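See structure below.
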Amino acid sequence: MEDSGQESFSLKTLFGKNKSGGSNQNLRGPLEPHPSERSHIVPLNRLQNRDSPTSSEALPFHPEVRSGVLENGLPYVILPNKSPPGRFEAHLQVFSGSADELEPQQGIAHLTEHVAYMGSRKRERLFGTGSQTNAYTDFHHTVFYAACPVRAPRGGPYMLPMALDALVDVMEARVESSRLEKERAAVLSEMTMVNTIEYRVECQILSTLHRENRLAKRFPIGKESLIRSWQNEDVRSWHRTHYRPDNVLLYVVGDIDPDEVEKAISAKFGHITAEKQATGIKLPEIKTEASELADAVISKSVKAAQSWHYPPVRHEWCVPKGYPIDDKLVSPAEVSGYDLHLQNSYPLDEIVNKIDIGEIAPGKKIRPHMFKHELLQAFSLHIFAKRPVEPIVDMESFARSLARRIALAALQIRLNVGGRSDDPAFTFVEFNQLDSAREGCAVCSLDMTAEPARWRDAICKSLSEIRKLGEYGVTAGEIERYASSLMTDAEQLAAQGDRISHGDQLSHLMETIANGHTFMSPEQAYYMTARALQSLTLEDVNKAAAELCSHITGLNKDSPGTEGETIAIACMPKNIDESSPAYCDPASLVETIYEACQIEVEPEEDVVVPQTLIPEDELAKSVEANPPVWNGGTFTDGTPQTSAEAITRPFTLRRLGNGIRVGVARNPAESQRGHLRLVAPGGRDAERRLGFKKGSMAIGARTMQEGGAFGPWTREQVELFCVDHLLMVEITCTEEAVTIDFVFPTTNVGNVGFGDDVQLGITGTESVLQVVREIIMGFRWEEDALGRSKQHFRSSHESLQKNLEGLSTERIMETMTQNDDRFLSIDVDSVNSISLDEAKVAVMSQMVPADLEISIAGDFQVESVLEMVFNYLGSIPADTNKEYEQSNSDKVASSVPTIPSPGKFIQLELEDPDPRAVAYVSGSAPNSWGVLSDGTTVADHVMKADPKPKDSYDTQRRSHPLFGHVALSLISEIVNRRLFSTVRERKQLTYDANFSFSNFERLAGGWFLVTVTASKEKAQLALEACKETLAALRKSQAITADNVESAKRVVINRHEGELRTSAYWTQLMSGLQEESIPAKGPLSVTDFLKVVESITARDLQLTLETLGLDDENLYTAIGQTIPPEGTEEIEDDLVRQAPAIGMGRGGALTG
């Protein structure tokens, strides 16, 4: 429904009569109006009012999106989408989160989320159907979702009505005492689980960033004392206040018929009214206060002025002088006598030392904050400017958004290159600006970490780069480079069309609607991007760059400055001596920032970037000197050898004459994208087998990641070549292998120009194979790269000593493996002892062609890729890197050490003023393919324990090479479900308990690990409950057929969903031709579904006995914090404020 002029709901006038024409009433007479219902902006935003707000050409709307508003005021959005087929997602977004809570309600939005969905009987009907359900709470909203198959398994009923029933149940949630107590326990446990040091840093950042509004005092996790005190009526009153039709938005995205969905939405949700919800608000004082809050929100907040999706806040904007801001977005601190923005003090407020430096120079002001803590190891700086969100609705605003993206990309690459210089000042740096619906503003942020002693250098270096961009803009080469990247991104999305996953489509749709942008189809976005970039000028981009950087450039003494404050938060270790170069206080922080902004900067110079790393004539000479040869693939799982010429499905598996194993699979689901995985078996296991220094393989692999110079090209040139060709590279070293993963476009990239004038570069596929060839043959090892690698491992080891979960796990591994270095972190002395030559020899000894395996999957023609592999990799001489091979070269992976018996209990204490605890249960297990440390297999043990199977089918099934792998996957799902039911639901001891396997592929044997976070008081009880659950699985509560069927649905759905990603295909192909994984061959992919479906409860019960589950053999541990010396332990029930979970200024609390 559209409302000309005012964009607002007015339910009294629009829907004041029921369908029969009468007024809203029941047998007792008319219902009272809802105390919090007000006329407000329609949550559909641009979908509701599609008129262009400016004279510029309006952006087109996605033609498939359907939206509307039911007669009761409930809005909905429907988007047909085909990926994956046969599935859909329904999300119910409630526009009330923690920022809407009253003083005595802090944390109630999150608790209500738990009660409303976890307690839903209709949600439970979705279990076992292959559906996933969950919910999450944030500052600005609470969201409930169900991701389901269109039809239940085995020809069952259609799932849309069932999914909508579950979400209707959320709107009409019953608050029962038993469910409230269960979810109260879960939320209190979650408070302990999330209260990591990273979480506390986010708290400090958000509290300072939003000091002028409610977000500083209304974190989703809430206050423990309040959560413990609430009764049914408290939760019910919150629910009925906020869960009303005009305050929600329903999304349905997937393989659906919009007409049928629209009918179902009307039938399921149409009877709910705000007036009926109001009858459930039984607490008069809450009703009164909620009404006052609603009045204040409507009066002056970004929620009322710009988007109903935003939290009810105001912001102190930091923008260039003269920047136009809508008067509606400028709000006073107090609204009509009501403290909407919580600027007064309240009894439950945390004590925060606000630092007010004042003006550091005329018109220049910094809002600083410092956080020092025992658990912090590095210095980090976070500088922010808050700006109004600019809705992207027409060509002008769209072009400005592209200009910002180009400027940001240019700056980030400059910072990355600077961060990998010979003597980098910082260890991490990122500059970005994002529209944040959860905060109701656009946040421009600099996030940087450095060694504490180098904090001044890091500030100077990072701010100088920002000022350079702000003052001089981008170069001609940069605008060409990053504009081309934007076009390639848009082209890839357009090629995917409705093959973009439901989840990705829905996330983009929700964020786009929330910020008032126009939601376009990928094809429309591609067309508009091409048009905008053709007319985008260097001046346009540099204007955007100047605005982005204005809060930094404005601190220069010759600049006119900005309107508003630049916000700076520094976090660092506690108890640094004042004489140390690592010491920092508020005055020196502000002084250093200001001084850094006075340093002279020069314009950036363009770097000559190669269009290709290997010229055609050079490759031709190599092919002539070392003629490539294809051989057939050979396997150890019983699959016959493949042809050296044939193209086969689902993958083509061959070997090159030099020994390199090759697997290629076409995956059109990710349009114009590909993934390549290079595996060199060995890893940290090879360190010991081949007599290398401890850590040399891992440090060498990281040195490769930090380096990148090839042949005649410098590291900077290679990095920019990767940027131009949109290549992403990650090099890791595990216990078993050095793995190099590449993500790349499969189309022509590094193009110059647009439209008819474009000059095509080589394909991303060809560019990635050039890099692979150079890594094997021409990689240049550099001392500065080794230095950055060693710094990474030193920081990791030192951080581990301050991480409760990490250190506890390390102690278990030390005990179970008898201090086997392969499975432990690398200590600082070992890191420091590694030379460049030792790191180089360790890694390159694994880069012998005969030992390598290349797996490539993507949206390409297999024949074309095989030809490129043939030329680029087949012409690598077979004896390449032979000089690094060790004389005692043992290529057979060893085993995990036999875990000593009996088991042990380990207790660990870590100093931390906040009370936390984590418990573990661990024991021996097979590896991912069912091989135990003694070389026997799961199948061996199962058939020995069941010597007289019912029929030959039992023997056939259990003899399949995939049997052990599938059985262990199903057991993992069943154990996790049992832990949830017992430890969380029945005993109410934790928010989450997790069971996992070590999942080695080459090493024989492994272990399982149960992790459970609980309060210090309940840690021992939680540990015992986990042991009890494992024991019950073996005896009193054996695995049932229903357990198996439910686990099968989860495993199959996950497998089928991941098959749409090229990364998963490369993971599946890696090892198929590797002799050290005898059970892994083509059958592990082609027979996967068949083997999963064949497994029985009896199979799993017998497989369970291959785990070291005997009580006397279990290894258990409890890690807990203790107050640092001289700290008084807090006796009351309050916990520190904590923001939403996650990094990057948080994310939602997931139920």
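In the structure tokens, each chain is lettered A, B, ... as it comes, each chain's residues begin at 1, and ligands are numbered from 1 in order of appearance.
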Quiz item: Could you name the residues that touch Arg794 in chain A at 8 Å or less, counting only C-alpha atoms, but leaving out those on the same chain fewer than 6 positions away, as a ChimeraX atom specification?
Solution: /A:827-828,831
Quiz item: range 278-402 of chain A: which residues are alpha helix (DSSP H) by DSSP, as a VMD selection string?
Solution: chain A and resid 278 284 to 299 302 to 305 395 to 402
Could the residues in this selection be saved with N, CA and C atoms as a PDB file, in the first residue's frame?
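And here is the file that came out, part_11.pdb:
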```
ATOM      1  N   ALA A 278      -1.891  -5.756  22.986  1.00  0.00           N
ATOM      2  CA  ALA A 278      -1.865  -4.850  24.141  1.00  0.00           C
ATOM      3  C   ALA A 278      -2.545  -5.449  25.364  1.00  0.00           C
ATOM      4  N   PRO A 284       1.294  -2.095  34.721  1.00  0.00           N
ATOM      5  CA  PRO A 284       0.912  -0.707  34.417  1.00  0.00           C
ATOM      6  C   PRO A 284       2.110   0.219  34.254  1.00  0.00           C
ATOM      7  N   GLU A 285       3.135   0.035  35.106  1.00  0.00           N
ATOM      8  CA  GLU A 285       4.271   0.957  35.035  1.00  0.00           C
ATOM      9  C   GLU A 285       5.040   0.771  33.725  1.00  0.00           C
ATOM     10  N   ILE A 286       5.111  -0.468  33.238  1.00  0.00           N
ATOM     11  CA  ILE A 286       5.786  -0.729  31.959  1.00  0.00           C
ATOM     12  C   ILE A 286       4.972  -0.133  30.824  1.00  0.00           C
ATOM     13  N   LYS A 287       3.663  -0.269  30.892  1.00  0.00           N
ATOM     14  CA  LYS A 287       2.796   0.280  29.856  1.00  0.00           C
ATOM     15  C   LYS A 287       2.977   1.794  29.765  1.00  0.00           C
ATOM     16  N   THR A 288       3.058   2.459  30.914  1.00  0.00           N
ATOM     17  CA  THR A 288       3.218   3.916  30.934  1.00  0.00           C
ATOM     18  C   THR A 288       4.579   4.325  30.382  1.00  0.00           C
ATOM     19  N   GLU A 289       5.641   3.661  30.872  1.00  0.00           N
ATOM     20  CA  GLU A 289       6.987   4.026  30.431  1.00  0.00           C
ATOM     21  C   GLU A 289       7.190   3.716  28.950  1.00  0.00           C
ATOM     22  N   ALA A 290       6.621   2.610  28.495  1.00  0.00           N
ATOM     23  CA  ALA A 290       6.750   2.257  27.079  1.00  0.00           C
ATOM     24  C   ALA A 290       6.069   3.300  26.201  1.00  0.00           C
ATOM     25  N   SER A 291       4.952   3.835  26.666  1.00  0.00           N
ATOM     26  CA  SER A 291       4.252   4.867  25.914  1.00  0.00           C
ATOM     27  C   SER A 291       5.077   6.144  25.849  1.00  0.00           C
ATOM     28  N   GLU A 292       5.708   6.508  26.959  1.00  0.00           N
ATOM     29  CA  GLU A 292       6.565   7.705  26.971  1.00  0.00           C
ATOM     30  C   GLU A 292       7.756   7.530  26.031  1.00  0.00           C
ATOM     31  N   LEU A 293       8.346   6.334  26.051  1.00  0.00           N
ATOM     32  CA  LEU A 293       9.467   6.073  25.150  1.00  0.00           C
ATOM     33  C   LEU A 293       9.018   6.175  23.700  1.00  0.00           C
ATOM     34  N   ALA A 294       7.858   5.624  23.379  1.00  0.00           N
ATOM     35  CA  ALA A 294       7.346   5.673  22.006  1.00  0.00           C
ATOM     36  C   ALA A 294       7.152   7.111  21.548  1.00  0.00           C
ATOM     37  N   ASP A 295       6.640   7.969  22.428  1.00  0.00           N
ATOM     38  CA  ASP A 295       6.464   9.385  22.082  1.00  0.00           C
ATOM     39  C   ASP A 295       7.811  10.041  21.778  1.00  0.00           C
ATOM     40  N   ALA A 296       8.816   9.740  22.606  1.00  0.00           N
ATOM     41  CA  ALA A 296      10.131  10.346  22.421  1.00  0.00           C
ATOM     42  C   ALA A 296      10.791   9.857  21.136  1.00  0.00           C
ATOM     43  N   VAL A 297      10.640   8.574  20.845  1.00  0.00           N
ATOM     44  CA  VAL A 297      11.239   8.000  19.632  1.00  0.00           C
ATOM     45  C   VAL A 297      10.676   8.679  18.397  1.00  0.00           C
ATOM     46  N   ILE A 298       9.382   8.866  18.364  1.00  0.00           N
ATOM     47  CA  ILE A 298       8.737   9.496  17.212  1.00  0.00           C
ATOM     48  C   ILE A 298       9.146  10.948  17.082  1.00  0.00           C
ATOM     49  N   SER A 299       9.428  11.597  18.208  1.00  0.00           N
ATOM     50  CA  SER A 299       9.746  13.031  18.182  1.00  0.00           C
ATOM     51  C   SER A 299      11.088  13.314  17.517  1.00  0.00           C
ATOM     52  N   VAL A 302      16.862   8.986  14.645  1.00  0.00           N
ATOM     53  CA  VAL A 302      17.080   8.574  13.257  1.00  0.00           C
ATOM     54  C   VAL A 302      16.087   7.479  12.872  1.00  0.00           C
ATOM     55  N   LYS A 303      15.579   6.748  13.849  1.00  0.00           N
ATOM     56  CA  LYS A 303      14.580   5.716  13.575  1.00  0.00           C
ATOM     57  C   LYS A 303      13.324   6.343  12.980  1.00  0.00           C
ATOM     58  N   ALA A 304      12.859   7.414  13.595  1.00  0.00           N
ATOM     59  CA  ALA A 304      11.649   8.085  13.114  1.00  0.00           C
ATOM     60  C   ALA A 304      11.919   8.922  11.868  1.00  0.00           C
ATOM     61  N   ALA A 305      13.126   9.501  11.786  1.00  0.00           N
ATOM     62  CA  ALA A 305      13.402  10.432  10.698  1.00  0.00           C
ATOM     63  C   ALA A 305      13.831   9.758   9.408  1.00  0.00           C
ATOM     64  N   MET A 395      20.911   7.722 -10.000  1.00  0.00           N
ATOM     65  CA  MET A 395      22.220   7.604 -10.630  1.00  0.00           C
ATOM     66  C   MET A 395      23.283   8.433  -9.926  1.00  0.00           C
ATOM     67  N   GLU A 396      22.903   9.599  -9.437  1.00  0.00           N
ATOM     68  CA  GLU A 396      23.887  10.442  -8.751  1.00  0.00           C
ATOM     69  C   GLU A 396      24.390   9.793  -7.472  1.00  0.00           C
ATOM     70  N   SER A 397      23.475   9.316  -6.633  1.00  0.00           N
ATOM     71  CA  SER A 397      23.894   8.687  -5.373  1.00  0.00           C
ATOM     72  C   SER A 397      24.617   7.367  -5.636  1.00  0.00           C
ATOM     73  N   PHE A 398      24.206   6.651  -6.697  1.00  0.00           N
ATOM     74  CA  PHE A 398      24.861   5.396  -7.039  1.00  0.00           C
ATOM     75  C   PHE A 398      26.298   5.658  -7.497  1.00  0.00           C
ATOM     76  N   ALA A 399      26.487   6.676  -8.313  1.00  0.00           N
ATOM     77  CA  ALA A 399      27.837   7.018  -8.779  1.00  0.00           C
ATOM     78  C   ALA A 399      28.719   7.435  -7.608  1.00  0.00           C
ATOM     79  N   ARG A 400      28.159   8.185  -6.669  1.00  0.00           N
ATOM     80  CA  ARG A 400      28.952   8.574  -5.489  1.00  0.00           C
ATOM     81  C   ARG A 400      29.363   7.347  -4.680  1.00  0.00           C
ATOM     82  N   SER A 401      28.458   6.373  -4.590  1.00  0.00           N
ATOM     83  CA  SER A 401      28.808   5.165  -3.827  1.00  0.00           C
ATOM     84  C   SER A 401      29.941   4.406  -4.513  1.00  0.00           C
ATOM     85  N   LEU A 402      29.941   4.365  -5.852  1.00  0.00           N
ATOM     86  CA  LEU A 402      31.030   3.709  -6.575  1.00  0.00           C
ATOM     87  C   LEU A 402      32.340   4.476  -6.407  1.00  0.00           C
TER      88      LEU A 402
END
```
Could you list, with a cut-off of 12 Å and counting only C-alpha atoms, the residues of range 470-588 of chain A near range 142-162 of chain A, each shown with its nearest atom pair and the distance in Å rounded to one decimal, rows sorted by chain and ascending number, as a Markdown table?
```
| residue | atom | partner | partner_atom | distance |
| --- | --- | --- | --- | --- |
| A:Ser501 | CA | A:Ala147 | CA | 11.7 |
| A:His502 | CA | A:Ala147 | CA | 9.0 |
| A:Gly503 | CA | A:Ala147 | CA | 8.7 |
| A:Leu506 | CA | A:Tyr145 | CA | 11.0 |
| A:Ser507 | CA | A:Val143 | CA | 11.7 |
| A:Met510 | CA | A:Val143 | CA | 10.9 |
```
Quiz item: Neighbours of Tyr1064 in chain A within 9 Å (only C-alpha atoms; same-chain residues fewer than 5 positions away dropped), as a count of residues only?
Solution: 6
Quiz item: Quick one: residues within 10 Å of Asn416 in chain A, only C-alpha atoms counted, chain neighbours fewer than 2 positions away excluded, as a ChimeraX atom specification?
Solution: /A:411-414,418-421,424,426-430,716,719
I need the residues from that last selection saved to file as a short mmCIF file (atom, residue, chain, number, x, y, z; two decimals), in the first residue's frame (with all heavy atoms), if you can.
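Below you can see again_38.cif, which holds the result:
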```cif
data_model
loop_
_atom_site.label_atom_id
_atom_site.label_comp_id
_atom_site.auth_asym_id
_atom_site.auth_seq_id
_atom_site.Cartn_x
_atom_site.Cartn_y
_atom_site.Cartn_z
N LEU A 411 43.01 3.03 -1.09
CA LEU A 411 43.67 3.26 0.20
C LEU A 411 44.01 1.94 0.89
O LEU A 411 45.11 1.80 1.45
CB LEU A 411 42.76 4.11 1.10
CG LEU A 411 43.30 4.37 2.52
CD1 LEU A 411 44.67 5.03 2.47
CD2 LEU A 411 42.32 5.22 3.31
N GLN A 412 43.10 0.97 0.85
CA GLN A 412 43.36 -0.29 1.54
C GLN A 412 44.57 -1.00 0.94
O GLN A 412 45.39 -1.56 1.68
CB GLN A 412 42.12 -1.19 1.49
CG GLN A 412 42.26 -2.43 2.36
CD GLN A 412 42.51 -2.10 3.82
OE1 GLN A 412 41.77 -1.34 4.43
NE2 GLN A 412 43.56 -2.66 4.39
N ILE A 413 44.68 -0.98 -0.36
CA ILE A 413 45.84 -1.63 -0.99
C ILE A 413 47.12 -0.88 -0.62
O ILE A 413 48.16 -1.51 -0.34
CB ILE A 413 45.67 -1.72 -2.52
CG1 ILE A 413 44.49 -2.64 -2.85
CG2 ILE A 413 46.94 -2.23 -3.18
CD1 ILE A 413 44.61 -4.05 -2.31
N ARG A 414 47.07 0.43 -0.60
CA ARG A 414 48.26 1.18 -0.17
C ARG A 414 48.66 0.80 1.25
O ARG A 414 49.84 0.61 1.56
CB ARG A 414 47.97 2.68 -0.23
CG ARG A 414 47.78 3.25 -1.62
CD ARG A 414 47.57 4.76 -1.52
NE ARG A 414 47.14 5.38 -2.77
CZ ARG A 414 46.88 6.67 -2.91
NH1 ARG A 414 47.01 7.47 -1.84
NH2 ARG A 414 46.50 7.16 -4.07
N GLY A 418 52.07 -1.07 2.48
CA GLY A 418 52.88 -0.47 3.53
C GLY A 418 53.05 -1.39 4.72
O GLY A 418 54.08 -1.40 5.38
N GLY A 419 52.01 -2.18 5.00
CA GLY A 419 52.07 -3.10 6.13
C GLY A 419 52.98 -4.28 5.87
O GLY A 419 53.28 -5.04 6.79
N ARG A 420 53.39 -4.46 4.62
CA ARG A 420 54.29 -5.57 4.30
C ARG A 420 55.60 -5.04 3.75
O ARG A 420 56.26 -5.68 2.94
CB ARG A 420 53.60 -6.50 3.30
CG ARG A 420 52.47 -7.26 3.96
CD ARG A 420 51.53 -7.86 2.96
NE ARG A 420 52.20 -8.81 2.09
CZ ARG A 420 51.61 -9.87 1.57
NH1 ARG A 420 50.36 -10.13 1.85
NH2 ARG A 420 52.26 -10.67 0.77
N SER A 421 55.98 -3.85 4.23
CA SER A 421 57.25 -3.26 3.83
C SER A 421 58.38 -3.93 4.61
O SER A 421 58.16 -4.84 5.41
CB SER A 421 57.23 -1.76 4.10
OG SER A 421 57.05 -1.52 5.49
N PRO A 424 57.52 -2.91 8.76
CA PRO A 424 56.14 -2.43 8.90
C PRO A 424 55.88 -1.88 10.30
O PRO A 424 56.29 -2.46 11.30
CB PRO A 424 55.31 -3.69 8.63
CG PRO A 424 56.21 -4.83 9.00
CD PRO A 424 57.59 -4.38 8.63
N PHE A 426 52.79 -1.39 11.50
CA PHE A 426 51.60 -2.03 12.07
C PHE A 426 51.52 -3.48 11.61
O PHE A 426 52.09 -3.86 10.58
CB PHE A 426 50.32 -1.28 11.69
CG PHE A 426 50.32 -0.70 10.32
CD1 PHE A 426 50.21 -1.50 9.19
CD2 PHE A 426 50.43 0.68 10.13
CE1 PHE A 426 50.21 -0.97 7.93
CE2 PHE A 426 50.44 1.22 8.86
CZ PHE A 426 50.32 0.40 7.75
N THR A 427 50.81 -4.29 12.37
CA THR A 427 50.63 -5.70 12.02
C THR A 427 49.30 -5.94 11.32
O THR A 427 49.11 -6.96 10.68
CB THR A 427 50.71 -6.59 13.27
OG1 THR A 427 49.76 -6.12 14.24
CG2 THR A 427 52.10 -6.52 13.89
N PHE A 428 48.38 -5.00 11.46
CA PHE A 428 47.09 -5.08 10.77
C PHE A 428 46.55 -3.67 10.63
O PHE A 428 46.67 -2.85 11.55
CB PHE A 428 46.09 -5.93 11.56
CG PHE A 428 44.67 -5.84 11.03
CD1 PHE A 428 44.27 -6.60 9.96
CD2 PHE A 428 43.75 -4.95 11.61
CE1 PHE A 428 42.97 -6.51 9.46
CE2 PHE A 428 42.45 -4.85 11.12
CZ PHE A 428 42.06 -5.63 10.05
N VAL A 429 45.93 -3.38 9.48
CA VAL A 429 45.31 -2.08 9.31
C VAL A 429 44.18 -2.19 8.31
O VAL A 429 44.29 -2.90 7.30
CB VAL A 429 46.34 -1.01 8.88
CG1 VAL A 429 46.94 -1.34 7.51
CG2 VAL A 429 45.73 0.39 8.89
N GLU A 430 43.08 -1.51 8.58
CA GLU A 430 41.93 -1.51 7.67
C GLU A 430 41.21 -0.18 7.80
O GLU A 430 40.95 0.29 8.91
CB GLU A 430 40.97 -2.66 7.99
CG GLU A 430 39.80 -2.76 7.03
CD GLU A 430 38.91 -3.95 7.34
OE1 GLU A 430 38.29 -3.99 8.41
OE2 GLU A 430 38.87 -4.87 6.49
N GLU A 716 55.63 -5.86 -4.52
CA GLU A 716 54.57 -4.88 -4.76
C GLU A 716 53.94 -5.09 -6.13
O GLU A 716 52.71 -5.02 -6.28
CB GLU A 716 55.13 -3.46 -4.66
CG GLU A 716 54.06 -2.38 -4.77
CD GLU A 716 54.62 -0.99 -4.59
OE1 GLU A 716 55.86 -0.84 -4.54
OE2 GLU A 716 53.81 -0.04 -4.50
N GLU A 719 51.78 -8.21 -5.93
CA GLU A 719 50.56 -7.93 -5.18
C GLU A 719 49.55 -7.18 -6.03
O GLU A 719 48.35 -7.49 -6.03
CB GLU A 719 50.89 -7.12 -3.92
CG GLU A 719 51.47 -7.95 -2.79
CD GLU A 719 51.56 -7.16 -1.50
OE1 GLU A 719 51.02 -6.05 -1.44
OE2 GLU A 719 52.16 -7.67 -0.55
#
```
Exercise. Apply DSSP to the backbone of this structure and, from range 855-1030 of chain A, keep only the residues in strand (DSSP E); write these as a ChimeraX atom specification.
Key: /A:855-858,905-911,917-925,993-997,1006-1014
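Every protein, DNA or RNA residue with an atom at most 12 Å from Glu602 in chain A, where only C-alpha atoms count and chain neighbours fewer than 4 positions away do not, is listed here: Ser464, Glu465, Ile466, Arg467, Lys468, Leu469, Gly470, Glu471, Tyr472 and Gly473 of chain A.
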Neighbouring residues of Asn45 in chain A were defined as those with any atom within 9 Å, considering only C-alpha atoms; residues of the same chain fewer than 5 positions away were excluded. Please report them as a short mmCIF file (atom, residue, chain, number, x, y, z; two decimals) with all heavy atoms, in the first residue's frame.
```
data_model
loop_
_atom_site.label_atom_id
_atom_site.label_comp_id
_atom_site.auth_asym_id
_atom_site.auth_seq_id
_atom_site.Cartn_x
_atom_site.Cartn_y
_atom_site.Cartn_z
N GLU A 7 5.12 9.31 4.54
CA GLU A 7 5.47 7.90 4.53
C GLU A 7 5.27 7.34 5.94
O GLU A 7 6.20 7.20 6.70
CB GLU A 7 6.93 7.70 4.14
CG GLU A 7 7.19 7.83 2.68
CD GLU A 7 8.61 7.42 2.39
OE1 GLU A 7 9.01 6.29 2.69
OE2 GLU A 7 9.33 8.27 1.86
N ARG A 50 8.25 4.47 -4.31
CA ARG A 50 9.23 4.29 -5.37
C ARG A 50 9.47 5.54 -6.20
O ARG A 50 10.21 5.50 -7.18
CB ARG A 50 8.80 3.13 -6.28
CG ARG A 50 8.67 1.82 -5.51
CD ARG A 50 8.54 0.63 -6.44
NE ARG A 50 8.53 -0.62 -5.71
CZ ARG A 50 8.75 -1.81 -6.26
NH1 ARG A 50 8.98 -1.90 -7.55
NH2 ARG A 50 8.72 -2.91 -5.53
N SER A 307 14.69 5.75 9.00
CA SER A 307 14.33 4.35 8.74
C SER A 307 13.87 3.70 10.03
O SER A 307 14.56 3.75 11.05
CB SER A 307 15.52 3.57 8.17
OG SER A 307 15.20 2.20 8.03
N TRP A 308 12.70 3.02 9.96
CA TRP A 308 12.17 2.33 11.13
C TRP A 308 13.05 1.13 11.51
O TRP A 308 12.93 0.59 12.60
CB TRP A 308 10.74 1.88 10.88
CG TRP A 308 9.98 1.55 12.13
CD1 TRP A 308 9.54 0.33 12.52
CD2 TRP A 308 9.60 2.47 13.16
NE1 TRP A 308 8.90 0.42 13.74
CE2 TRP A 308 8.92 1.73 14.15
CE3 TRP A 308 9.77 3.85 13.34
CZ2 TRP A 308 8.40 2.31 15.30
CZ3 TRP A 308 9.25 4.44 14.48
CH2 TRP A 308 8.58 3.67 15.45
N ILE A 513 17.04 -2.68 2.15
CA ILE A 513 15.78 -2.08 2.57
C ILE A 513 15.99 -1.24 3.82
O ILE A 513 15.47 -0.12 3.94
CB ILE A 513 14.72 -3.16 2.81
CG1 ILE A 513 14.34 -3.84 1.49
CG2 ILE A 513 13.47 -2.57 3.46
CD1 ILE A 513 13.40 -5.02 1.65
N ALA A 514 16.76 -1.77 4.77
CA ALA A 514 16.96 -1.08 6.05
C ALA A 514 17.53 0.31 5.85
O ALA A 514 17.13 1.27 6.53
CB ALA A 514 17.88 -1.90 6.95
N ASN A 515 18.47 0.46 4.92
CA ASN A 515 19.14 1.74 4.73
C ASN A 515 18.48 2.62 3.69
O ASN A 515 19.02 3.68 3.34
CB ASN A 515 20.61 1.50 4.37
CG ASN A 515 21.41 1.00 5.54
OD1 ASN A 515 21.45 1.64 6.59
ND2 ASN A 515 22.05 -0.15 5.39
N GLY A 516 17.33 2.20 3.19
CA GLY A 516 16.60 3.04 2.24
C GLY A 516 17.16 3.04 0.85
O GLY A 516 16.85 3.92 0.04
N HIS A 517 18.01 2.04 0.52
CA HIS A 517 18.56 1.94 -0.83
C HIS A 517 17.55 1.25 -1.75
O HIS A 517 16.61 0.59 -1.29
CB HIS A 517 19.86 1.14 -0.83
CG HIS A 517 20.91 1.67 0.10
ND1 HIS A 517 21.12 3.01 0.30
CD2 HIS A 517 21.83 1.03 0.88
CE1 HIS A 517 22.11 3.19 1.16
NE2 HIS A 517 22.55 2.00 1.53
#
```
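Among the candidate residues A:Gln801, A:Thr815, A:Gln861, A:Asn1053, the one lying nearest to Thr765 in chain A is A:Gln861, with distances computed using only C-alpha atoms.
Compared by their closest atoms to Met370 in chain A, and using only C-alpha atoms, the residues A:Asp946, A:Asp585, A:Asp246, A:Asp837 rank with A:Asp585 nearest.
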Self-check item: Near-Val1051 in chain A list (8 Å; only C-alpha atoms; drop same-chain fewer than 4 positions) as number ranges by chain
Solution: A: 969-970, 973, 1047, 1055
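Proximity of A:Asp165, A:Glu624, A:Asp257, A:Asp100 to Leu340 in chain A, computed with only C-alpha atoms, is greatest for A:Asp100.
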